[in-house]
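> Supplied structure: data-v6.pdb, PDB, C-alpha atoms.
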```pdb
ATOM      1  CA  MET A 154       0.000   0.000   0.000
ATOM      2  CA  SER A 155       1.419   3.373  -1.027
ATOM      3  CA  THR A 156       1.794   6.222   1.448
ATOM      4  CA  ALA A 157      -0.746   8.359  -0.422
ATOM      5  CA  THR A 158      -3.349   5.588  -0.298
ATOM      6  CA  PHE A 159      -2.714   5.045   3.408
ATOM      7  CA  VAL A 160      -3.105   8.767   4.161
ATOM      8  CA  ALA A 161      -6.311   8.997   2.108
ATOM      9  CA  GLN A 162      -7.812   5.955   3.823
ATOM     10  CA  SER A 163      -6.828   7.292   7.244
ATOM     11  CA  ILE A 164      -8.468  10.653   6.539
ATOM     12  CA  PHE A 165     -11.626   8.926   5.298
ATOM     13  CA  LEU A 166     -11.742   6.675   8.381
ATOM     14  CA  LEU A 167     -11.209   9.562  10.810
ATOM     15  CA  THR A 168     -13.872  11.653   9.037
ATOM     16  CA  PHE A 169     -16.313   8.735   9.176
ATOM     17  CA  ILE A 170     -15.679   8.203  12.893
ATOM     18  CA  TRP A 171     -16.071  11.948  13.542
ATOM     19  CA  LEU A 172     -19.393  12.044  11.700
ATOM     20  CA  ILE A 173     -20.685   8.969  13.547
ATOM     21  CA  LYS A 174     -19.723  10.559  16.861
ATOM     22  CA  ARG A 175     -21.273  13.888  15.861
ATOM     23  CA  PHE A 176     -24.626  12.398  14.829
ATOM     24  CA  PHE A 177     -25.060   9.616  17.362
ATOM     25  CA  SER A 178     -23.304  10.754  20.544
ATOM     26  CA  LYS A 179     -25.601  11.992  23.301
ATOM     27  CA  THR A 180     -25.260  15.384  24.995
ATOM     28  CA  ASP A 181     -27.308  17.403  27.467
ATOM     29  CA  LEU A 182     -28.858  19.232  24.501
ATOM     30  CA  ASP A 183     -30.685  16.023  23.535
ATOM     31  CA  ASN A 184     -32.980  16.639  26.522
ATOM     32  CA  ILE A 185     -34.133  19.947  25.036
ATOM     33  CA  PRO A 186     -36.952  19.916  22.458
ATOM     34  CA  GLY A 187     -36.362  21.203  18.973
ATOM     35  CA  PRO A 188     -37.012  20.571  15.274
ATOM     36  CA  ASP A 189     -35.470  17.703  13.343
ATOM     37  CA  SER A 190     -32.551  18.365  11.042
ATOM     38  CA  THR A 191     -33.585  18.992   7.444
ATOM     39  CA  SER A 192     -30.131  18.632   5.907
ATOM     40  CA  PHE A 193     -27.119  16.386   6.508
ATOM     41  CA  VAL A 194     -24.780  19.293   5.785
ATOM     42  CA  THR A 195     -26.559  22.444   7.031
ATOM     43  CA  GLY A 196     -28.961  21.059   9.638
ATOM     44  CA  ASN A 197     -31.552  23.759  10.400
ATOM     45  CA  LEU A 198     -29.315  26.658   9.371
ATOM     46  CA  GLY A 199     -30.693  26.601   5.842
ATOM     47  CA  GLN A 200     -34.160  27.270   7.261
ATOM     48  CA  MET A 201     -32.917  29.869   9.744
ATOM     49  CA  PHE A 202     -31.072  31.909   7.115
ATOM     50  CA  ASN A 203     -33.577  31.487   4.298
ATOM     51  CA  PRO A 204     -34.199  34.992   2.863
ATOM     52  CA  SER A 205     -37.893  34.307   2.285
ATOM     53  CA  LEU A 206     -38.866  31.943   5.113
ATOM     54  CA  GLY A 207     -36.265  32.699   7.781
ATOM     55  CA  TRP A 208     -38.494  34.892   9.935
ATOM     56  CA  GLU A 209     -41.266  32.305   9.749
ATOM     57  CA  PHE A 210     -38.895  29.576  10.945
ATOM     58  CA  ASN A 211     -37.630  31.714  13.858
ATOM     59  CA  SER A 212     -41.177  32.583  14.883
ATOM     60  CA  LYS A 213     -42.259  28.935  14.733
ATOM     61  CA  LEU A 214     -39.185  27.925  16.728
ATOM     62  CA  ALA A 215     -40.078  30.294  19.567
ATOM     63  CA  LEU A 216     -43.820  29.568  19.537
ATOM     64  CA  GLN A 217     -43.595  25.797  19.218
ATOM     65  CA  TYR A 218     -40.570  25.022  21.395
ATOM     66  CA  GLY A 219     -40.474  27.942  23.797
ATOM     67  CA  ARG A 220     -37.730  30.355  24.778
ATOM     68  CA  VAL A 221     -34.993  27.712  24.703
ATOM     69  CA  SER A 222     -34.735  25.072  21.983
ATOM     70  CA  ARG A 223     -32.233  22.784  20.308
ATOM     71  CA  ILE A 224     -31.420  23.118  16.621
ATOM     72  CA  TYR A 225     -28.878  21.465  14.343
ATOM     73  CA  GLY A 226     -25.927  23.220  12.760
ATOM     74  CA  MET A 227     -23.312  22.087  10.278
ATOM     75  CA  PHE A 228     -22.890  18.299  10.005
ATOM     76  CA  GLY A 229     -25.159  17.497  12.923
ATOM     77  CA  LYS A 230     -23.658  19.921  15.433
ATOM     78  CA  LYS A 231     -26.197  20.604  18.185
ATOM     79  CA  LEU A 232     -26.874  24.256  18.941
ATOM     80  CA  LEU A 233     -28.849  25.915  21.697
ATOM     81  CA  ALA A 234     -31.226  28.639  20.487
ATOM     82  CA  VAL A 235     -32.099  31.107  23.256
ATOM     83  CA  TYR A 236     -34.950  33.636  23.006
ATOM     84  CA  ASP A 237     -35.445  34.244  26.726
ATOM     85  CA  PRO A 238     -34.816  37.963  27.591
ATOM     86  CA  LYS A 239     -33.390  37.266  31.046
ATOM     87  CA  ALA A 240     -31.059  34.558  29.752
ATOM     88  CA  LEU A 241     -29.891  36.843  26.937
ATOM     89  CA  HIS A 242     -29.218  39.618  29.461
ATOM     90  CA  HIS A 243     -26.891  37.274  31.357
ATOM     91  CA  ILE A 244     -25.238  36.028  28.163
ATOM     92  CA  LEU A 245     -24.738  39.376  26.454
ATOM     93  CA  VAL A 246     -24.463  41.827  29.374
ATOM     94  CA  LYS A 247     -24.161  40.618  32.959
ATOM     95  CA  ASP A 248     -22.030  37.482  32.513
ATOM     96  CA  GLN A 249     -20.665  38.008  29.023
ATOM     97  CA  ALA A 250     -17.136  37.011  30.080
ATOM     98  CA  ILE A 251     -18.375  33.467  30.776
ATOM     99  CA  TYR A 252     -20.014  32.991  27.374
ATOM    100  CA  GLU A 253     -17.253  33.060  24.773
ATOM    101  CA  GLU A 254     -17.937  33.816  21.130
ATOM    102  CA  THR A 255     -17.481  31.027  18.625
ATOM    103  CA  SER A 256     -14.390  30.719  16.444
ATOM    104  CA  SER A 257     -16.424  31.575  13.330
ATOM    105  CA  PHE A 258     -17.523  34.833  15.009
ATOM    106  CA  PHE A 259     -13.899  35.838  15.643
ATOM    107  CA  GLU A 260     -12.871  34.937  12.107
ATOM    108  CA  ARG A 261     -15.592  37.167  10.649
ATOM    109  CA  LEU A 262     -14.264  40.096  12.715
ATOM    110  CA  MET A 263     -10.625  39.028  12.868
ATOM    111  CA  ARG A 264      -9.366  42.502  11.928
ATOM    112  CA  VAL A 265     -10.958  44.104  14.994
ATOM    113  CA  CYS A 266     -11.716  41.308  17.488
ATOM    114  CA  ASN A 267      -8.721  40.096  19.448
ATOM    115  CA  THR A 268      -7.830  38.815  22.869
ATOM    116  CA  GLY A 269      -4.905  39.116  25.265
ATOM    117  CA  GLU A 270      -2.119  41.634  24.670
ATOM    118  CA  GLN A 271      -3.352  42.605  21.219
ATOM    119  CA  HIS A 272      -6.793  43.401  22.641
ATOM    120  CA  ARG A 273      -5.180  45.462  25.444
ATOM    121  CA  ARG A 274      -3.298  47.632  22.935
ATOM    122  CA  GLN A 275      -6.394  48.191  20.798
ATOM    123  CA  ARG A 276      -8.523  49.036  23.833
ATOM    124  CA  LYS A 277      -5.915  51.485  25.129
ATOM    125  CA  MET A 278      -5.843  53.217  21.746
ATOM    126  CA  LEU A 279      -9.649  53.481  21.566
ATOM    127  CA  ASN A 280     -10.265  54.733  25.125
ATOM    128  CA  PRO A 281     -10.053  58.467  24.224
ATOM    129  CA  VAL A 282     -12.721  58.002  21.558
ATOM    130  CA  PHE A 283     -15.322  56.932  24.113
ATOM    131  CA  SER A 284     -14.671  59.742  26.559
ATOM    132  CA  THR A 285     -17.417  62.177  27.575
ATOM    133  CA  ALA A 286     -15.557  65.034  25.882
ATOM    134  CA  TYR A 287     -15.485  63.218  22.532
ATOM    135  CA  MET A 288     -19.185  62.353  22.732
ATOM    136  CA  ARG A 289     -20.004  65.977  23.600
ATOM    137  CA  ASN A 290     -18.123  67.204  20.527
ATOM    138  CA  MET A 291     -20.339  65.034  18.320
ATOM    139  CA  VAL A 292     -23.567  66.801  19.353
ATOM    140  CA  PRO A 293     -23.108  69.799  16.969
ATOM    141  CA  VAL A 294     -22.317  67.400  14.110
ATOM    142  CA  PHE A 295     -25.468  65.357  14.703
ATOM    143  CA  SER A 296     -27.573  68.501  15.152
ATOM    144  CA  ASP A 297     -26.354  69.910  11.846
ATOM    145  CA  ILE A 298     -27.198  66.671  10.018
ATOM    146  CA  ALA A 299     -30.646  66.599  11.645
ATOM    147  CA  ARG A 300     -31.315  70.171  10.434
ATOM    148  CA  ARG A 301     -30.215  69.260   6.898
ATOM    149  CA  ILE A 302     -32.592  66.284   6.909
ATOM    150  CA  GLU A 303     -35.387  68.562   8.154
ATOM    151  CA  ASN A 304     -34.721  71.041   5.355
ATOM    152  CA  ALA A 305     -34.626  68.287   2.722
ATOM    153  CA  ILE A 306     -38.009  66.926   3.828
ATOM    154  CA  LYS A 307     -39.503  70.424   3.991
ATOM    155  CA  GLN A 308     -38.314  71.006   0.438
ATOM    156  CA  LYS A 309     -40.146  67.867  -0.703
ATOM    157  CA  LEU A 310     -43.361  69.192   0.850
ATOM    158  CA  VAL A 311     -43.136  72.714  -0.538
ATOM    159  CA  ASN A 312     -45.816  71.953  -3.145
ATOM    160  CA  GLY A 313     -48.170  70.249  -0.721
ATOM    161  CA  ALA A 314     -48.572  67.066   1.267
ATOM    162  CA  GLN A 315     -47.083  63.875  -0.146
ATOM    163  CA  GLU A 316     -45.697  60.556   1.057
ATOM    164  CA  VAL A 317     -42.131  60.699   2.401
ATOM    165  CA  ASP A 318     -39.927  57.628   2.759
ATOM    166  CA  LEU A 319     -38.474  58.331   6.204
ATOM    167  CA  LEU A 320     -36.481  55.087   6.268
ATOM    168  CA  HIS A 321     -34.609  56.276   3.172
ATOM    169  CA  TRP A 322     -33.749  59.620   4.776
ATOM    170  CA  MET A 323     -32.852  58.107   8.144
ATOM    171  CA  GLY A 324     -30.495  55.690   6.407
ATOM    172  CA  ARG A 325     -28.784  58.553   4.609
ATOM    173  CA  ALA A 326     -28.558  60.500   7.870
ATOM    174  CA  ALA A 327     -26.989  57.550   9.695
ATOM    175  CA  LEU A 328     -24.341  57.154   6.998
ATOM    176  CA  GLU A 329     -23.524  60.843   7.136
ATOM    177  CA  MET A 330     -23.267  60.766  10.950
ATOM    178  CA  ILE A 331     -20.876  57.822  10.747
ATOM    179  CA  GLY A 332     -18.904  59.546   8.008
ATOM    180  CA  GLN A 333     -18.460  62.848   9.793
ATOM    181  CA  SER A 334     -18.054  61.661  13.392
ATOM    182  CA  GLY A 335     -16.103  58.525  12.564
ATOM    183  CA  PHE A 336     -14.027  59.496   9.538
ATOM    184  CA  GLY A 337     -14.257  63.286   9.257
ATOM    185  CA  TYR A 338     -15.653  62.718   5.774
ATOM    186  CA  SER A 339     -18.957  63.689   4.159
ATOM    187  CA  PHE A 340     -20.608  60.970   2.081
ATOM    188  CA  ASP A 341     -23.882  62.743   1.312
ATOM    189  CA  PRO A 342     -24.999  66.384   0.854
ATOM    190  CA  LEU A 343     -28.444  65.244   2.088
ATOM    191  CA  VAL A 344     -30.425  66.904  -0.664
ATOM    192  CA  GLU A 345     -33.073  65.401  -2.936
ATOM    193  CA  GLY A 346     -31.652  63.858  -6.108
ATOM    194  CA  ALA A 347     -28.014  63.852  -4.979
ATOM    195  CA  ARG A 348     -25.879  61.114  -6.521
ATOM    196  CA  GLN A 349     -25.145  58.358  -4.044
ATOM    197  CA  HIS A 350     -21.534  57.813  -2.999
ATOM    198  CA  SER A 351     -20.158  54.395  -3.958
ATOM    199  CA  PHE A 352     -19.449  53.708  -0.279
ATOM    200  CA  CYS A 353     -23.103  54.314   0.607
ATOM    201  CA  GLU A 354     -24.269  51.892  -2.069
ATOM    202  CA  ALA A 355     -21.829  49.254  -0.825
ATOM    203  CA  ALA A 356     -22.718  49.805   2.846
ATOM    204  CA  LYS A 357     -26.425  49.323   2.170
ATOM    205  CA  SER A 358     -25.773  46.147   0.170
ATOM    206  CA  PHE A 359     -23.286  44.641   2.624
ATOM    207  CA  SER A 360     -25.636  43.096   5.180
ATOM    208  CA  PRO A 361     -27.989  41.409   2.661
ATOM    209  CA  ALA A 362     -25.008  40.074   0.704
ATOM    210  CA  LEU A 363     -23.340  38.785   3.881
ATOM    211  CA  HIS A 364     -26.456  36.951   5.018
ATOM    212  CA  LYS A 365     -26.725  35.213   1.669
ATOM    213  CA  MET A 366     -23.370  33.657   2.632
ATOM    214  CA  ALA A 367     -24.534  32.636   6.129
ATOM    215  CA  ILE A 368     -23.947  28.920   5.573
ATOM    216  CA  GLU A 369     -20.527  29.406   3.971
ATOM    217  CA  GLN A 370     -19.440  31.558   6.937
ATOM    218  CA  GLN A 371     -19.472  28.481   9.166
ATOM    219  CA  PHE A 372     -16.387  27.245   7.299
ATOM    220  CA  LEU A 373     -14.379  30.429   7.913
ATOM    221  CA  PRO A 374     -12.300  29.084  10.837
ATOM    222  CA  ILE A 375     -10.950  26.436   8.454
ATOM    223  CA  LEU A 376     -10.761  28.456   5.238
ATOM    224  CA  VAL A 377      -8.738  31.357   6.694
ATOM    225  CA  LYS A 378      -5.960  28.929   7.588
ATOM    226  CA  ILE A 379      -5.555  27.642   4.033
ATOM    227  CA  GLY A 380      -2.685  29.238   2.113
ATOM    228  CA  SER A 381      -1.695  32.884   2.044
ATOM    229  CA  PRO A 382      -4.070  35.878   1.759
ATOM    230  CA  LYS A 383      -2.987  36.237  -1.863
ATOM    231  CA  PHE A 384      -3.906  32.603  -2.576
ATOM    232  CA  ARG A 385      -7.268  32.937  -0.836
ATOM    233  CA  ARG A 386      -8.040  36.081  -2.861
ATOM    234  CA  TRP A 387      -7.147  34.244  -6.079
ATOM    235  CA  PHE A 388      -9.413  31.380  -5.016
ATOM    236  CA  VAL A 389     -12.333  33.751  -4.354
ATOM    237  CA  ASP A 390     -11.805  35.479  -7.712
ATOM    238  CA  HIS A 391     -12.028  32.175  -9.572
ATOM    239  CA  LEU A 392     -14.925  30.523  -7.718
ATOM    240  CA  PRO A 393     -18.043  30.568  -9.962
ATOM    241  CA  ILE A 394     -20.370  31.669  -7.125
ATOM    242  CA  LYS A 395     -22.232  34.892  -7.897
ATOM    243  CA  ARG A 396     -23.182  35.756  -4.303
ATOM    244  CA  LEU A 397     -19.525  35.380  -3.263
ATOM    245  CA  ARG A 398     -18.344  37.664  -6.062
ATOM    246  CA  ASP A 399     -21.044  40.202  -5.199
ATOM    247  CA  LEU A 400     -19.830  40.255  -1.589
ATOM    248  CA  ARG A 401     -16.229  40.548  -2.784
ATOM    249  CA  ASP A 402     -17.070  43.590  -4.918
ATOM    250  CA  ILE A 403     -18.963  45.238  -2.043
ATOM    251  CA  VAL A 404     -16.069  44.701   0.381
ATOM    252  CA  ASP A 405     -13.569  45.964  -2.211
ATOM    253  CA  SER A 406     -15.584  49.141  -2.711
ATOM    254  CA  MET A 407     -15.820  49.836   1.024
ATOM    255  CA  ASP A 408     -12.169  48.994   1.554
ATOM    256  CA  ARG A 409     -11.011  51.371  -1.198
ATOM    257  CA  THR A 410     -12.902  54.234   0.417
ATOM    258  CA  MET A 411     -11.561  53.409   3.877
ATOM    259  CA  VAL A 412      -7.958  53.209   2.652
ATOM    260  CA  GLU A 413      -8.288  56.519   0.773
ATOM    261  CA  ILE A 414      -9.671  58.283   3.858
ATOM    262  CA  PHE A 415      -7.061  56.673   6.125
ATOM    263  CA  GLU A 416      -4.106  57.595   3.901
ATOM    264  CA  ASP A 417      -5.367  61.157   3.455
ATOM    265  CA  LYS A 418      -5.876  61.664   7.216
ATOM    266  CA  LYS A 419      -2.505  60.123   7.992
ATOM    267  CA  ARG A 420      -0.752  62.344   5.440
ATOM    268  CA  VAL A 421      -2.418  65.518   6.777
ATOM    269  CA  LEU A 422      -1.558  64.659  10.378
ATOM    270  CA  GLN A 423       2.042  63.894   9.478
ATOM    271  CA  GLU A 424       2.376  67.162   7.552
ATOM    272  CA  ALA A 425       0.858  69.080  10.457
ATOM    273  CA  THR A 426       3.322  67.459  12.855
ATOM    274  CA  GLU A 427       6.302  68.159  10.608
ATOM    275  CA  ASP A 428       5.239  71.766   9.985
ATOM    276  CA  GLY A 429       4.521  72.345  13.660
ATOM    277  CA  ALA A 430       1.087  73.710  12.800
ATOM    278  CA  ALA A 431      -1.953  73.223  14.969
ATOM    279  CA  LEU A 432      -3.956  70.211  13.913
ATOM    280  CA  LYS A 433      -7.206  72.142  13.951
ATOM    281  CA  GLU A 434      -5.785  74.498  11.285
ATOM    282  CA  LYS A 435      -4.688  71.631   9.054
ATOM    283  CA  ILE A 436      -7.784  69.433   8.950
ATOM    284  CA  GLU A 437     -11.458  70.216   8.731
ATOM    285  CA  ASN A 438     -12.578  68.082  11.674
ATOM    286  CA  PRO A 439      -9.730  67.098  14.009
ATOM    287  CA  LYS A 440     -11.966  65.267  16.453
ATOM    288  CA  ASP A 441     -13.237  62.460  14.256
ATOM    289  CA  LEU A 442     -12.575  58.860  15.240
ATOM    290  CA  ILE A 443      -9.928  58.025  12.668
ATOM    291  CA  SER A 444      -7.932  61.244  13.219
ATOM    292  CA  ILE A 445      -7.869  60.575  16.964
ATOM    293  CA  LEU A 446      -6.750  56.982  16.362
ATOM    294  CA  ILE A 447      -3.983  57.957  13.948
ATOM    295  CA  LYS A 448      -2.746  60.760  16.193
ATOM    296  CA  ALA A 449      -2.776  58.492  19.268
ATOM    297  CA  ASN A 450      -0.950  55.800  17.322
ATOM    298  CA  MET A 451       1.704  58.265  16.136
ATOM    299  CA  GLU A 452       2.311  59.387  19.728
ATOM    300  CA  ALA A 453       2.217  55.883  21.270
ATOM    301  CA  SER A 454       5.312  54.054  22.439
ATOM    302  CA  GLU A 455       6.739  51.400  20.149
ATOM    303  CA  GLU A 456       5.262  48.557  22.209
ATOM    304  CA  ASP A 457       1.768  50.063  22.109
ATOM    305  CA  LYS A 458       1.710  51.097  18.456
ATOM    306  CA  LEU A 459      -0.762  49.370  16.165
ATOM    307  CA  PRO A 460       0.040  48.461  12.559
ATOM    308  CA  ASP A 461      -1.936  50.360   9.925
ATOM    309  CA  GLU A 462      -3.984  47.239   9.172
ATOM    310  CA  GLU A 463      -5.362  47.152  12.731
ATOM    311  CA  VAL A 464      -6.221  50.864  12.668
ATOM    312  CA  LEU A 465      -8.032  50.263   9.385
ATOM    313  CA  GLY A 466      -9.798  47.381  11.098
ATOM    314  CA  GLN A 467     -11.228  49.789  13.663
ATOM    315  CA  MET A 468     -12.558  51.889  10.780
ATOM    316  CA  SER A 469     -14.130  48.806   9.218
ATOM    317  CA  TYR A 470     -15.840  47.984  12.510
ATOM    318  CA  ALA A 471     -17.496  51.403  12.483
ATOM    319  CA  GLN A 472     -18.921  50.910   8.998
ATOM    320  CA  PRO A 473     -22.722  51.039   9.144
ATOM    321  CA  SER A 474     -25.170  48.433   7.976
ATOM    322  CA  HIS A 475     -28.629  49.705   7.111
ATOM    323  CA  SER A 476     -30.446  46.591   5.974
ATOM    324  CA  PRO A 477     -31.797  44.376   8.752
ATOM    325  CA  PRO A 478     -30.861  40.704   8.369
ATOM    326  CA  PRO A 479     -33.629  38.324   7.333
ATOM    327  CA  THR A 480     -32.958  36.115  10.337
ATOM    328  CA  ARG A 481     -31.006  35.988  13.561
ATOM    329  CA  HIS A 482     -27.650  34.273  13.722
ATOM    330  CA  PRO A 483     -27.501  31.250  16.053
ATOM    331  CA  MET A 484     -24.054  32.305  17.276
ATOM    332  CA  HIS A 485     -25.301  35.784  18.213
ATOM    333  CA  SER A 486     -28.469  37.178  19.763
ATOM    334  CA  PRO A 487     -30.927  35.669  20.289
ATOM    335  CA  ALA A 488     -29.097  32.356  20.293
ATOM    336  CA  LEU A 489     -26.023  30.778  21.795
ATOM    337  CA  SER A 490     -23.945  28.066  20.172
ATOM    338  CA  ILE A 491     -23.142  25.122  22.395
ATOM    339  CA  SER A 492     -21.664  21.887  21.065
TER     340      SER A 492
END
```
Written as structure tokens, how would this file's structure read?

Amino acid sequence: MSTATFVAQSIFLLTFIWLIKRFFSKTDLDNIPGPDSTSFVTGNLGQMFNPSLGWEFNSKLALQYGRVSRIYGMFGKKLLAVYDPKALHHILVKDQAIYEETSSFFERLMRVCNTGEQHRRQRKMLNPVFSTAYMRNMVPVFSDIARRIENAIKQKLVNGAQEVDLLHWMGRAALEMIGQSGFGYSFDPLVEGARQHSFCEAAKSFSPALHKMAIEQQFLPILVKIGSPKFRRWFVDHLPIKRLRDLRDIVDSMDRTMVEIFEDKKRVLQEATEDGAALKEKIENPKDLISILIKANMEASEEDKLPDEEVLGQMSYAQPSHSPPPTRHPMHSPALSIS
């Protein structure tokens, strides 16, 4: 028997044993009622993330099985779905340190979610942003945007009463608030008929596109360890999956905007430092999130400095999502993943 044949047979045998153990081993979750699995591969996740029937499945799950139920994840993995408000308060607020996020959750946010020393450095860098003084400085920005929205709606009604899509205007306002307070950048003049910024289009499409990939996301902890980033990008570019390519294009569009803003802010701050000029005379809004982060990073000691990629990650975390997901994720609220 050749070595290759032996390795292949060993992998097959181990996979078979793992699947048998996964499907037939008993756990405490077997004592909790829940629906039967509808798929060998995706369990109940296909129903939970279905764009058309997802809400119906979640509603049926809560009504038929109560506030706590057992569902099936990938390859027979048993998951605990929690809809109880008090339990969720303990999980997400009071005792959140006890309930650790899943590996797939960390991989989805791997540019901004870290633990240990790396988390300490990021938290130290972000502390000034969440101070009372910073929040107070945002009030005039938000007030100005609110007045612009008011004027835009009044302009629509100048010829008489008509229907106004408030969700549309609130979405535009939220993007502009994020842009100005977070990045010191204006994405939208907030007037009727204004051409939409490419970042705004991508931001609004991001959440729906991401949730179309809900099943594939479960494989992230494995996929991110295969090859180099360059290889993984090449692989994504050549996979004939339209929803994956759509998500890739959306992420690329958002990333280009973030990098442009980051590089411009960094250049201005460096020039201001070299020229000895006051920062407030060199940039339009010196108190936005990214300017504070870059300035703090420039002044930090070598051991506390963050690489540019991590600072960009903090910007990515602040990117808004305006389209509500069709269903809830079993690894987030209102559910907890337990093997």
> One decimal, Å: what's the distance from atom CA of A:Leu279 over to atom CA of A:Gln371, could you say?
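The value is 29.6 Å.
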> Spell out the residues picked by the PyMOL selection byres ((chain A and resi 350) around 12) here, as a PDB file with C-alpha atoms, in the frame of the given file.

```pdb
ATOM      1  CA  ARG A 325     -28.784  58.553   4.609  1.00  0.00           C
ATOM      2  CA  LEU A 328     -24.341  57.154   6.998  1.00  0.00           C
ATOM      3  CA  GLU A 329     -23.524  60.843   7.136  1.00  0.00           C
ATOM      4  CA  GLY A 332     -18.904  59.546   8.008  1.00  0.00           C
ATOM      5  CA  TYR A 338     -15.653  62.718   5.774  1.00  0.00           C
ATOM      6  CA  SER A 339     -18.957  63.689   4.159  1.00  0.00           C
ATOM      7  CA  PHE A 340     -20.608  60.970   2.081  1.00  0.00           C
ATOM      8  CA  ASP A 341     -23.882  62.743   1.312  1.00  0.00           C
ATOM      9  CA  PRO A 342     -24.999  66.384   0.854  1.00  0.00           C
ATOM     10  CA  LEU A 343     -28.444  65.244   2.088  1.00  0.00           C
ATOM     11  CA  ALA A 347     -28.014  63.852  -4.979  1.00  0.00           C
ATOM     12  CA  ARG A 348     -25.879  61.114  -6.521  1.00  0.00           C
ATOM     13  CA  GLN A 349     -25.145  58.358  -4.044  1.00  0.00           C
ATOM     14  CA  SER A 351     -20.158  54.395  -3.958  1.00  0.00           C
ATOM     15  CA  PHE A 352     -19.449  53.708  -0.279  1.00  0.00           C
ATOM     16  CA  CYS A 353     -23.103  54.314   0.607  1.00  0.00           C
ATOM     17  CA  GLU A 354     -24.269  51.892  -2.069  1.00  0.00           C
ATOM     18  CA  ALA A 355     -21.829  49.254  -0.825  1.00  0.00           C
ATOM     19  CA  ALA A 356     -22.718  49.805   2.846  1.00  0.00           C
ATOM     20  CA  LYS A 357     -26.425  49.323   2.170  1.00  0.00           C
ATOM     21  CA  SER A 406     -15.584  49.141  -2.711  1.00  0.00           C
ATOM     22  CA  MET A 407     -15.820  49.836   1.024  1.00  0.00           C
ATOM     23  CA  THR A 410     -12.902  54.234   0.417  1.00  0.00           C
TER      24      THR A 410
END
```
> Tell me which protein, DNA and RNA residues are within 9 Å of A:Ser190, counting all atoms listed in the file, leaving out same-chain ones fewer than 3 positions away, and put them as a ChimeraX atom specification.
/A:193,195-197,224-226,229
> Hey, what's within 10 Å of A:Asn184 if we count all atoms listed in the file and toss same-chain stuff fewer than 5 positions away? As a list in words, please?
Lys179, Ser222 and Arg223 of chain A
> I'd like the interatomic distance between atom CA of A:Lys419 and atom CA of A:Ile298, to a tenth of an Å.
25.6 Å
> Provide the atom CA of A:Ile375 to atom CA of A:Ala250 distance in Å, to one decimal place.
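Atom CA of A:Ala250 lies at a distance of 24.9 Å from atom CA of A:Ile375.
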> Run the PyMOL selection byres ((chain A and resi 397) around 12) mentally over the shown coordinates, then write out the matched residues as an NGL selection string, using the chain letters and numbers from the document.
:A and (359 or 361-370 or 386 or 388-396 or 398-404)
